[in-house]
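Raw contents of start32.txt, compact mmCIF, C-alpha atoms:
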# COMPACT_ATOMS: atom_id res chain seq x y z
CA ALA A 555 -8.24 113.77 138.54
CA ARG A 556 -7.03 112.95 142.02
CA PRO A 557 -3.54 114.16 142.92
CA PRO A 558 -0.95 111.38 143.41
CA LYS A 559 -0.37 110.06 146.94
CA THR A 560 2.89 111.08 148.51
CA ALA A 561 4.67 109.28 151.32
CA LEU A 562 4.73 111.31 154.50
CA PRO A 563 7.58 111.10 156.99
CA PRO A 564 6.64 109.01 160.03
CA PHE A 565 5.38 110.60 163.27
CA ARG A 566 4.23 113.87 161.66
CA LYS A 567 1.08 115.39 163.08
CA ASP A 568 -0.32 115.90 159.59
CA ALA A 569 0.09 112.16 158.93
CA ARG A 570 -2.84 111.48 161.27
CA VAL A 571 -5.58 111.69 158.61
CA ASP A 572 -3.29 110.45 155.82
CA TYR A 573 -2.94 107.00 157.33
CA LEU A 574 -6.08 106.61 159.38
CA ALA A 575 -8.37 107.64 156.53
CA PRO A 576 -6.36 106.75 153.43
CA ARG A 577 -9.27 106.81 151.00
CA HIS A 578 -9.99 110.45 151.85
CA ASN A 579 -6.54 111.75 152.64
CA HIS A 580 -6.26 114.31 149.87
CA THR A 581 -9.63 115.97 150.46
CA GLY A 582 -9.52 116.08 154.26
CA GLN A 583 -12.99 114.54 154.37
CA ALA A 584 -13.94 112.30 157.25
CA PRO A 585 -14.02 108.55 156.52
CA LYS A 586 -17.37 107.18 155.48
CA PHE A 587 -17.46 104.55 158.24
CA LEU A 588 -16.11 104.72 161.78
CA ARG A 589 -15.11 101.64 163.77
CA PRO A 590 -14.39 102.61 167.38
CA ILE A 591 -12.08 100.53 169.51
CA THR A 592 -14.03 97.92 171.48
CA GLY A 593 -13.32 95.19 174.00
CA TRP A 594 -10.61 95.26 176.62
CA PRO A 595 -8.35 97.80 174.69
CA LEU A 596 -11.11 100.42 175.02
CA GLN A 597 -10.06 101.30 178.59
CA ALA A 598 -6.53 102.03 177.37
CA ALA A 599 -7.92 104.13 174.51
CA ILE A 600 -10.01 106.18 176.95
CA THR A 601 -6.94 106.74 179.15
CA LEU A 602 -4.97 107.97 176.14
CA ASP A 603 -7.83 110.23 175.06
CA LEU A 604 -7.96 111.83 178.50
CA HIS A 605 -4.20 112.49 178.70
CA GLY A 606 -3.56 113.61 175.13
CA GLN A 607 -4.49 116.78 173.29
CA GLY A 608 -7.90 115.27 172.57
CA GLY A 609 -9.33 113.37 169.65
CA PHE A 610 -7.58 110.04 170.13
CA LEU A 611 -10.84 108.10 170.23
CA ARG A 612 -12.12 109.89 167.14
CA ALA A 613 -8.88 109.37 165.25
CA SER A 614 -8.67 105.68 166.18
CA ALA A 615 -12.28 105.14 165.05
CA ALA A 616 -11.19 106.17 161.55
CA ALA A 617 -8.33 103.64 161.50
CA ARG A 618 -8.14 100.43 159.55
CA HIS A 619 -8.35 97.07 161.28
CA ASP A 620 -4.59 96.46 161.09
CA TRP A 621 -3.98 99.69 163.04
CA HIS A 622 -6.55 98.59 165.64
CA GLN A 623 -4.73 95.29 166.07
CA ALA A 624 -1.29 96.92 166.28
CA PHE A 625 -2.67 99.24 168.97
CA ALA A 626 -4.11 96.30 170.95
CA ALA A 627 -0.79 94.46 170.64
CA ALA A 628 1.03 97.55 171.94
CA VAL A 629 -1.30 97.82 174.93
CA ALA A 630 -0.75 94.11 175.60
CA ALA A 631 3.00 94.73 175.56
CA GLY A 632 2.65 97.38 178.27
CA VAL A 633 2.65 100.74 176.48
CA LEU A 634 0.70 102.35 179.34
CA GLU A 635 2.82 100.70 182.03
CA ASN A 636 6.04 101.99 180.43
CA PRO A 637 5.18 104.82 178.02
CA GLY A 638 8.71 106.21 178.21
CA LEU A 639 10.21 103.11 176.61
CA PHE A 640 7.66 103.28 173.79
CA ILE A 641 8.54 106.92 173.07
CA GLU A 642 12.26 106.19 173.29
CA ARG A 643 11.98 103.41 170.71
CA ALA A 644 9.67 105.39 168.46
CA LEU A 645 11.50 108.72 168.46
CA ALA A 646 14.96 107.78 169.73
CA ALA A 647 14.45 110.50 172.30
CA GLY A 648 13.64 110.57 175.95
CA GLY A 649 13.95 112.48 179.14
CA PRO A 650 12.53 112.69 182.64
CA ARG A 651 8.79 113.40 182.48
CA SER A 652 5.80 112.41 184.55
CA TRP A 653 3.76 109.32 183.66
CA SER A 654 0.82 111.55 182.74
CA ALA A 655 2.97 113.63 180.37
CA LEU A 656 4.44 110.52 178.77
CA VAL A 657 1.00 108.97 178.23
CA GLY A 658 -0.14 112.23 176.65
CA GLU A 659 2.79 112.07 174.22
CA VAL A 660 1.93 108.47 173.35
CA ALA A 661 -1.68 109.52 172.72
CA ASP A 662 -0.58 112.22 170.29
CA LEU A 663 2.03 109.99 168.66
CA LEU A 664 0.05 106.79 168.06
CA PRO A 665 -2.38 108.17 165.43
CA THR A 666 0.58 109.28 163.31
CA MET A 667 2.20 105.84 163.32
CA ARG A 668 1.77 102.93 160.99
CA PRO A 669 1.15 99.41 162.36
CA ARG A 670 4.75 98.27 161.87
CA GLU A 671 6.05 101.36 163.67
CA ILE A 672 3.67 100.75 166.58
CA VAL A 673 4.75 97.13 166.96
CA GLU A 674 8.45 98.01 166.72
CA ALA A 675 8.08 100.68 169.39
CA ALA A 676 6.07 98.40 171.68
CA TYR A 677 8.14 95.20 171.32
CA GLY A 678 11.48 96.42 170.05
CA GLN A 679 11.05 94.61 166.73
CA CYS A 680 8.41 93.36 164.32
CA PRO A 681 9.01 89.76 163.14
CA ASN A 682 8.20 88.89 159.54
CA GLY A 683 4.61 87.75 159.19
CA PHE A 684 3.41 89.17 162.50
CA LEU A 685 1.56 92.10 160.92
CA GLY A 686 -0.12 89.74 158.47
CA ALA A 687 -1.34 87.60 161.36
CA LEU A 688 -2.68 90.68 163.16
CA SER A 689 -4.50 91.75 160.00
CA LYS A 690 -6.36 88.41 159.88
CA LEU A 691 -7.97 89.21 163.24
CA GLY A 692 -10.14 91.96 161.76
CA PHE A 693 -11.43 94.55 164.23
CA THR A 694 -12.02 92.09 167.10
CA ALA A 695 -9.42 92.11 169.85
CA ILE A 696 -8.18 88.80 171.19
CA PRO A 697 -7.18 88.48 174.89
CA ARG A 698 -4.21 90.53 176.04
CA ALA A 699 -1.99 87.49 176.65
CA ALA A 700 -2.79 86.09 173.21
CA TYR A 701 -1.02 89.03 171.50
CA VAL A 702 2.16 88.31 173.43
CA ARG A 703 1.91 84.59 172.63
CA LEU A 704 1.37 85.37 168.96
CA PHE A 705 4.41 87.67 168.94
CA ASP A 706 6.51 84.98 170.65
CA LEU A 707 5.32 82.45 168.08
CA PHE A 708 6.64 84.59 165.23
CA LEU A 709 9.87 85.21 167.10
CA SER A 710 10.53 81.56 167.92
CA SER A 711 13.15 79.52 166.03
CA GLY A 712 12.06 76.04 167.26
CA ARG A 713 11.09 73.56 164.54
CA ILE A 714 7.57 72.82 165.80
CA GLN A 715 6.93 76.49 166.54
CA ARG A 716 7.98 77.32 162.98
CA GLU A 717 5.43 74.78 161.74
CA ARG A 718 2.73 76.38 163.86
CA ARG A 719 3.75 79.81 162.55
CA ARG A 720 3.51 78.63 158.94
CA VAL A 721 -0.05 77.46 159.54
CA VAL A 722 -1.00 80.85 161.00
CA GLU A 723 0.53 82.53 157.96
CA GLN A 724 -1.48 80.30 155.61
CA LEU A 725 -4.85 80.63 157.35
CA ALA A 726 -7.34 82.94 155.67
CA VAL A 727 -8.76 84.23 158.97
CA LEU A 728 -7.61 84.11 162.58
CA ASP A 729 -9.37 84.41 165.92
CA GLU A 730 -8.73 83.44 169.54
CA ASP A 731 -10.08 79.90 169.16
CA ARG A 732 -8.12 79.25 165.97
CA LEU A 733 -4.93 80.52 167.59
CA LEU A 734 -5.41 78.24 170.61
CA ILE A 735 -5.98 75.28 168.28
CA VAL A 736 -2.77 76.00 166.35
CA GLU A 737 -0.83 76.44 169.60
CA GLN A 738 -2.02 73.24 171.26
CA ILE A 739 -2.86 70.68 168.58
CA ASP A 740 -0.54 67.73 167.96
CA PRO A 741 2.07 68.84 165.38
CA VAL A 742 1.07 66.07 162.96
CA PHE A 743 -2.17 68.00 162.27
CA LEU A 744 -0.43 71.26 161.37
CA ARG A 745 -1.89 71.80 157.92
CA PRO A 746 -4.18 74.72 157.02
CA ASP A 747 -6.84 72.46 155.46
CA VAL A 748 -6.84 70.27 158.57
CA ILE A 749 -6.95 73.18 161.02
CA GLY A 750 -9.88 74.55 159.04
CA ARG A 751 -11.83 71.36 159.85
CA VAL A 752 -11.06 71.45 163.59
CA LYS A 753 -14.20 72.84 165.19
CA SER A 754 -12.92 73.81 168.64
CA LEU A 755 -10.14 73.36 171.16
CA ALA A 756 -12.07 70.39 172.57
CA HIS A 757 -12.04 68.84 169.08
CA ALA A 758 -8.28 69.45 168.87
CA ASN A 759 -7.80 67.69 172.23
CA GLN A 760 -9.94 64.80 170.99
CA LEU A 761 -7.72 64.46 167.93
CA GLY A 762 -4.68 64.45 170.20
CA GLN A 763 -6.11 61.57 172.23
CA LEU A 764 -6.96 59.65 169.08
CA VAL A 765 -3.56 60.05 167.48
CA ARG A 766 -1.84 58.95 170.70
CA ALA A 767 -4.00 55.82 170.74
CA ILE A 768 -3.28 55.23 167.05
CA ARG A 769 0.47 55.55 167.58
CA GLY A 770 0.30 53.16 170.52
CA GLY A 771 -1.88 50.60 168.76
CA CYS A 772 -0.66 50.68 165.14
CA SER A 773 2.91 49.76 164.32
CA THR A 774 2.59 51.49 160.93
CA ALA A 775 1.44 54.84 162.40
CA THR A 776 4.55 56.90 161.74
CA ASP A 777 4.16 60.67 161.62
CA GLU A 778 4.52 60.60 157.85
CA ALA A 779 1.87 57.88 157.49
CA VAL A 780 -0.53 59.80 159.73
CA ARG A 781 0.03 62.98 157.70
CA GLN A 782 -0.70 61.13 154.46
CA SER A 783 -3.96 59.85 155.94
CA LEU A 784 -5.24 63.31 156.83
CA SER A 785 -6.91 63.72 153.45
CA THR A 786 -9.48 61.25 154.80
CA PHE A 787 -9.97 63.45 157.87
CA VAL A 788 -10.49 66.52 155.67
CA SER A 789 -12.95 64.82 153.31
CA ARG A 790 -14.79 62.39 155.60
CA GLY A 791 -14.34 63.58 159.18
CA THR A 792 -12.87 62.44 162.47
CA GLN A 793 -14.70 59.15 162.98
CA THR A 794 -13.96 57.68 159.56
CA TRP A 795 -10.31 58.73 159.74
CA ALA A 796 -9.85 57.26 163.24
CA ARG A 797 -11.71 54.03 162.48
CA ASN A 798 -9.60 53.44 159.38
CA TRP A 799 -6.52 53.55 161.59
CA LEU A 800 -7.94 51.57 164.51
CA GLU A 801 -8.95 48.74 162.20
CA ARG A 802 -5.23 48.32 161.54
CA ALA A 803 -4.27 48.16 165.23
CA ASP A 804 -1.67 45.45 165.79
CA ALA A 805 0.38 46.62 168.78
CA GLY A 806 0.00 47.24 172.48
CA GLU A 807 -0.68 45.04 175.49
CA PRO A 808 -4.19 43.89 176.49
CA SER A 809 -5.62 45.65 179.52
CA ILE A 810 -6.36 42.33 181.23
CA ALA A 811 -4.02 39.40 182.00
CA VAL A 812 -5.31 35.86 182.54
CA ASP A 813 -2.96 32.92 183.08
CA ASP A 814 -5.13 29.96 182.07
CA PRO A 815 -4.58 27.47 179.22
CA GLU A 816 -8.28 27.52 178.34
CA ILE A 817 -8.44 31.30 178.00
CA GLU A 818 -7.00 33.43 175.18
CA VAL A 819 -6.92 37.16 175.90
CA VAL A 820 -7.96 39.34 172.96
CA GLY A 821 -5.51 42.15 172.19
CA PRO A 822 -4.65 44.41 169.26
CA ALA A 823 -2.25 41.78 167.85
CA ASN A 824 -4.82 38.97 167.57
CA ILE A 825 -8.21 40.70 167.38
CA SER A 826 -8.34 40.50 163.56
CA ALA A 827 -7.61 36.76 163.48
CA ILE A 828 -10.18 36.05 166.22
CA ALA A 829 -12.83 38.16 164.44
CA ARG A 830 -12.25 36.14 161.24
CA ARG A 831 -12.37 32.87 163.15
CA PHE A 832 -15.67 33.74 164.87
CA ASN A 833 -17.06 35.50 161.79
CA ASN A 834 -18.29 38.49 163.77
CA CYS A 835 -17.70 42.22 164.24
CA LEU A 836 -15.20 41.92 167.09
CA LYS A 837 -12.69 43.99 165.09
CA SER A 838 -15.01 47.01 165.31
CA MET A 839 -14.48 46.98 169.09
CA THR A 840 -10.78 47.90 168.76
CA ALA A 841 -11.37 51.45 169.99
CA ARG A 842 -13.06 50.18 173.15
CA LEU A 843 -10.28 47.65 173.63
CA LEU A 844 -7.64 50.39 173.51
CA THR A 845 -9.42 52.45 176.19
CA GLY A 846 -8.59 49.79 178.78
CA THR A 847 -12.17 49.75 180.08
CA TRP A 848 -13.40 46.90 177.87
CA ALA A 849 -11.90 43.48 177.26
CA ALA A 850 -12.62 40.20 175.51
CA LEU A 851 -11.56 36.62 176.20
CA VAL A 852 -11.82 33.46 174.11
CA TYR A 853 -13.02 30.48 176.16
CA GLU A 854 -11.69 27.60 174.07
CA PRO A 855 -13.55 24.54 175.49
CA GLU A 856 -16.92 26.10 174.60
CA THR A 857 -15.65 28.16 171.63
CA LEU A 858 -17.08 31.37 173.07
CA ILE A 859 -16.05 35.01 173.23
CA LEU A 860 -16.61 36.57 176.65
CA THR A 861 -16.82 40.35 176.81
CA LEU A 862 -16.16 42.30 180.00
CA HIS A 863 -16.27 45.86 181.38
CA ARG A 864 -13.84 47.13 184.01
CA LEU A 865 -15.45 48.13 187.30
CA SER A 866 -14.30 51.02 189.47
CA ASP A 867 -12.69 48.60 191.94
CA GLY A 868 -10.51 47.05 189.22
CA ARG A 869 -12.52 43.87 188.73
CA TRP A 870 -14.05 42.85 185.41
CA LEU A 871 -17.81 42.38 184.96
CA LEU A 872 -18.99 39.75 182.47
CA THR A 873 -21.31 41.59 180.05
CA GLY A 874 -21.60 39.29 177.06
CA VAL A 875 -21.21 35.71 175.84
CA HIS A 876 -20.96 35.21 172.07
CA ALA A 877 -20.85 32.15 169.85
CA PRO A 878 -19.28 31.92 166.36
CA GLY A 879 -21.28 33.71 163.68
CA ASN A 880 -23.39 35.32 166.41
CA MET A 881 -25.35 32.11 166.77
CA PRO A 882 -27.54 31.72 169.88
CA VAL A 883 -25.73 30.80 173.09
CA THR A 884 -27.30 27.98 175.10
CA GLU A 885 -27.95 28.30 178.80
CA ALA A 886 -25.47 25.49 179.42
CA GLN A 887 -22.72 27.39 177.53
CA ARG A 888 -23.51 30.54 179.45
CA GLU A 889 -23.30 28.75 182.79
CA ALA A 890 -20.01 27.11 181.77
CA ALA A 891 -18.54 30.55 180.98
CA ARG A 892 -19.73 31.97 184.29
CA ALA A 893 -18.33 29.05 186.22
CA LYS A 894 -14.97 29.34 184.45
CA LEU A 895 -14.56 33.01 185.38
CA MET A 896 -15.52 32.35 189.00
CA ALA A 897 -13.00 29.53 189.16
CA ILE A 898 -10.19 31.82 188.00
CA GLY A 899 -10.51 34.08 191.04
CA ASP A 900 -11.62 37.46 192.36
CA LEU A 901 -10.63 39.25 189.15
CA PHE A 902 -14.11 38.76 187.75
CA ALA A 903 -17.65 39.66 188.76
CA LEU A 904 -20.97 38.42 187.41
CA PRO A 905 -24.28 40.24 186.96
CA ALA A 906 -26.83 39.27 189.59
CA GLN A 907 -29.54 36.88 188.46
CA ALA A 908 -33.13 36.69 189.59
CA PRO A 909 -33.94 33.89 192.02
CA ALA A 910 -35.36 30.75 190.40
CA GLU A 911 -38.81 31.39 191.90
CA LEU A 912 -38.89 34.82 190.18
CA GLN A 913 -37.35 33.84 186.84
CA ALA A 914 -40.69 33.96 185.03
CA LEU A 915 -41.23 37.52 186.24
CA ALA A 916 -37.72 38.53 185.11
CA GLU A 917 -38.38 37.17 181.61
CA MET A 918 -41.62 39.17 181.36
CA ALA A 919 -39.75 42.34 182.35
CA ASP A 920 -37.09 41.70 179.69
CA PRO A 921 -38.88 40.13 176.69
CA PHE A 922 -35.98 40.77 174.29
CA GLY A 923 -33.26 39.26 176.48
CA PHE A 924 -31.18 42.44 176.72
CA GLY A 925 -30.31 41.70 180.34
CA ARG A 926 -28.19 38.76 179.28
CA GLU A 927 -26.09 40.84 176.89
CA LEU A 928 -25.12 43.99 178.74
CA ASP A 929 -22.77 44.98 175.92
CA ASP A 930 -25.86 46.07 174.00
CA LEU A 931 -26.54 48.65 176.69
CA MET A 932 -23.05 49.83 177.71
What would the structure in this file look like if it were written as structure tokens?
Amino acid sequence: ARPPKTALPPFRKDARVDYLAPRHNHTGQAPKFLRPITGWPLQAAITLDLHGQGGFLRASAAARHDWHQAFAAAVAAGVLENPGLFIERALAAGGPRSWSALVGEVADLLPTMRPREIVEAAYGQCPNGFLGALSKLGFTAIPRAAYVRLFDLFLSSGRIQRERRRVVEQLAVLDEDRLLIVEQIDPVFLRPDVIGRVKSLAHANQLGQLVRAIRGGCSTATDEAVRQSLSTFVSRGTQTWARNWLERADAGEPSIAVDDPEIEVVGPANISAIARRFNNCLKSMTARLLTGTWAALVYEPETLILTLHRLSDGRWLLTGVHAPGNMPVTEAQREAARAKLMAIGDLFALPAQAPAELQALAEMADPFGFGRELDDLM
């Protein structure tokens, strides 16, 4: 039978194998698998190995992943830049010694320390939950600055930072990308099941843009309402979740202003009613409408919807003319719409048309009539 494990006092030289190879600590055997320090902390490990009594690299290779992460966090906090402070915090002792001698002491001391002791000596304290977050990183080191940010996150008392910290605590695994997502994503998305569906920082930024548009375009989009809708995001993805909200858009100003009694500007407040009146899919264009680069007008005398794209010079290009129920638009209706926009002023531009003597050639080049409805192509 194996002898019972006994707790060793911290910082004892004979604690080196006890902690770093816990499954073999009573036999003195070497651990079955070695995981050497890799990545940017390796340079610090080599420095310590050179200045200590020898064996730091070998001892650290026998350590568990949580020790590796505590070591990387200590290096990020500046243990090599100020080894005296580390020793003073760890041993409550100090004295004038050269940098080389101090680094040698740190090299001999670190393998005898547990992760919490390393963090406390490097940062002055170890916030609750910080070691658990480090453990989720496995053996892979994150960037130096990320350790300091993670420590600050667990030290912060701000409400939103506490929410971000709770998500980190509830995640099953953690890496650099996941940490960046938690740090930067809009607070309304701070749920572990939601963060697990966010694919990248770019995806998190996309969600931020969408939720800002939803808040600006939907009067019912309170933070609580958005949170309740996130089950749709988790089960059906970003597009379905966003479209469900955008279909309810009822707020915000149109991106175009036209002062004419025969023209009704389509905006979030009236797009649903106009779509029902014309019996078409205008409502599905809400997302484009909210970008400010696409607009729609109702031309009442001809009962037409005119669609437009914003040009780089601020003018609006006519890209589509639509009749109720998507019925065909006559050439006379199309010309009436073009003439109306030109009469309003320089705000509008029209697509160039082929000369009359080349119209037959233009029709042969565009047998399906796509040129008349640029919305199909833009």
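With distances taken over all atoms listed in the file, A:Glu671 is the one residue among A:Ala630, A:Arg842, A:Glu671, A:Asp662 lying closest to A:Ala644.
The spacing separating atom CA of A:Leu656 from atom CA of A:Glu635 amounts to 10.5 Å.
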At most 8 Å from (-10.8, 68.1, 163.2), file frame, only C-alpha atoms: which residues, as a ChimeraX atom specification? /A:748-753,757-758,761,787-788,791-792
Near-stretch 875-878 of chain A list (8 Å; only C-alpha atoms; drop same-chain fewer than 4 positions) as a PyMOL selection string: chain A and resi 831-834+857-861+882-883+888+891+927
Might you pull out every residue within 10 Å of A:Thr786, with only C-alpha atoms counted and same-chain residues fewer than 6 positions away left off, and present them as a ChimeraX atom specification? /A:792-796,798
Could you write out that same residue set with C-alpha atoms as a CSV table (one decimal), in the frame of the given file?
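Just written: again_29.csv:
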chain,number,residue,atom,x,y,z
A,792,THR,CA,-12.9,62.4,162.5
A,793,GLN,CA,-14.7,59.2,163.0
A,794,THR,CA,-14.0,57.7,159.6
A,795,TRP,CA,-10.3,58.7,159.7
A,796,ALA,CA,-9.8,57.3,163.2
A,798,ASN,CA,-9.6,53.4,159.4
Please produce, as CSV, a per-residue contact table for stretch 634-661 of chain A versus stretch 674-696 of chain A (criterion: any atom at most 9 Å away, all atoms listed in the file considered), showing the nearest atom pair and its distance in Å to one decimal, sorted by chain then residue number.
residue,atom,partner,partner_atom,distance
A:Leu639,CA,A:Ala675,CA,7.9
A:Phe640,CA,A:Ala675,CA,5.1
A:Ile641,CA,A:Ala675,CA,7.3
A:Glu642,CA,A:Ala675,CA,7.9
A:Arg643,CA,A:Ala675,CA,4.9
A:Ala644,CA,A:Ala675,CA,5.1
A:Leu645,CA,A:Ala675,CA,8.8
I'd like the interatomic distance between atom CA of A:Pro855 and atom CA of A:Met896, to a tenth of an Å. 15.7 Å
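Distance annotation: of A:Ala823, A:Ile735, A:Ile817, A:Val660, the residue with the minimal separation from A:Ser773 is A:Ala823; atom set is all atoms listed in the file.
If you measure from each of A:Arg781, A:Trp799, A:Val702, A:Asn880 to A:Ala829 using all atoms listed in the file, the closest one turns out to be A:Asn880.
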Counting all atoms listed in the file, write as a VMD selection string all protein and nucleic acid residues lying at most 9 Å from (-0.6, 110.2, 170.4) in the file's frame. chain A and resid 602 to 603 606 to 607 610 657 to 667
May I have the centre and edge lengths, in Å to one decimal, of an axis-aligned box around the listed atoms of stretch 856-875 of chain A with 6 Å added to every side, as AutoDock Vina command-line options?
--center_x -16.1 --center_y 38.6 --center_z 181.8 --size_x 23.1 --size_y 36.9 --size_z 32.3
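Atom CA of A:Ser614 sits 27.6 Å away from atom CA of A:Leu709.
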Spatial neighbours of A:Arg864, 7 Å, all atoms listed in the file, chain gap at least 6 places, as a CSV table (one decimal) with C-alpha atoms, in the coordinates of the input:
chain,number,residue,atom,x,y,z
A,847,THR,CA,-12.2,49.8,180.1
A,848,TRP,CA,-13.4,46.9,177.9
A,870,TRP,CA,-14.0,42.8,185.4
A,871,LEU,CA,-17.8,42.4,185.0
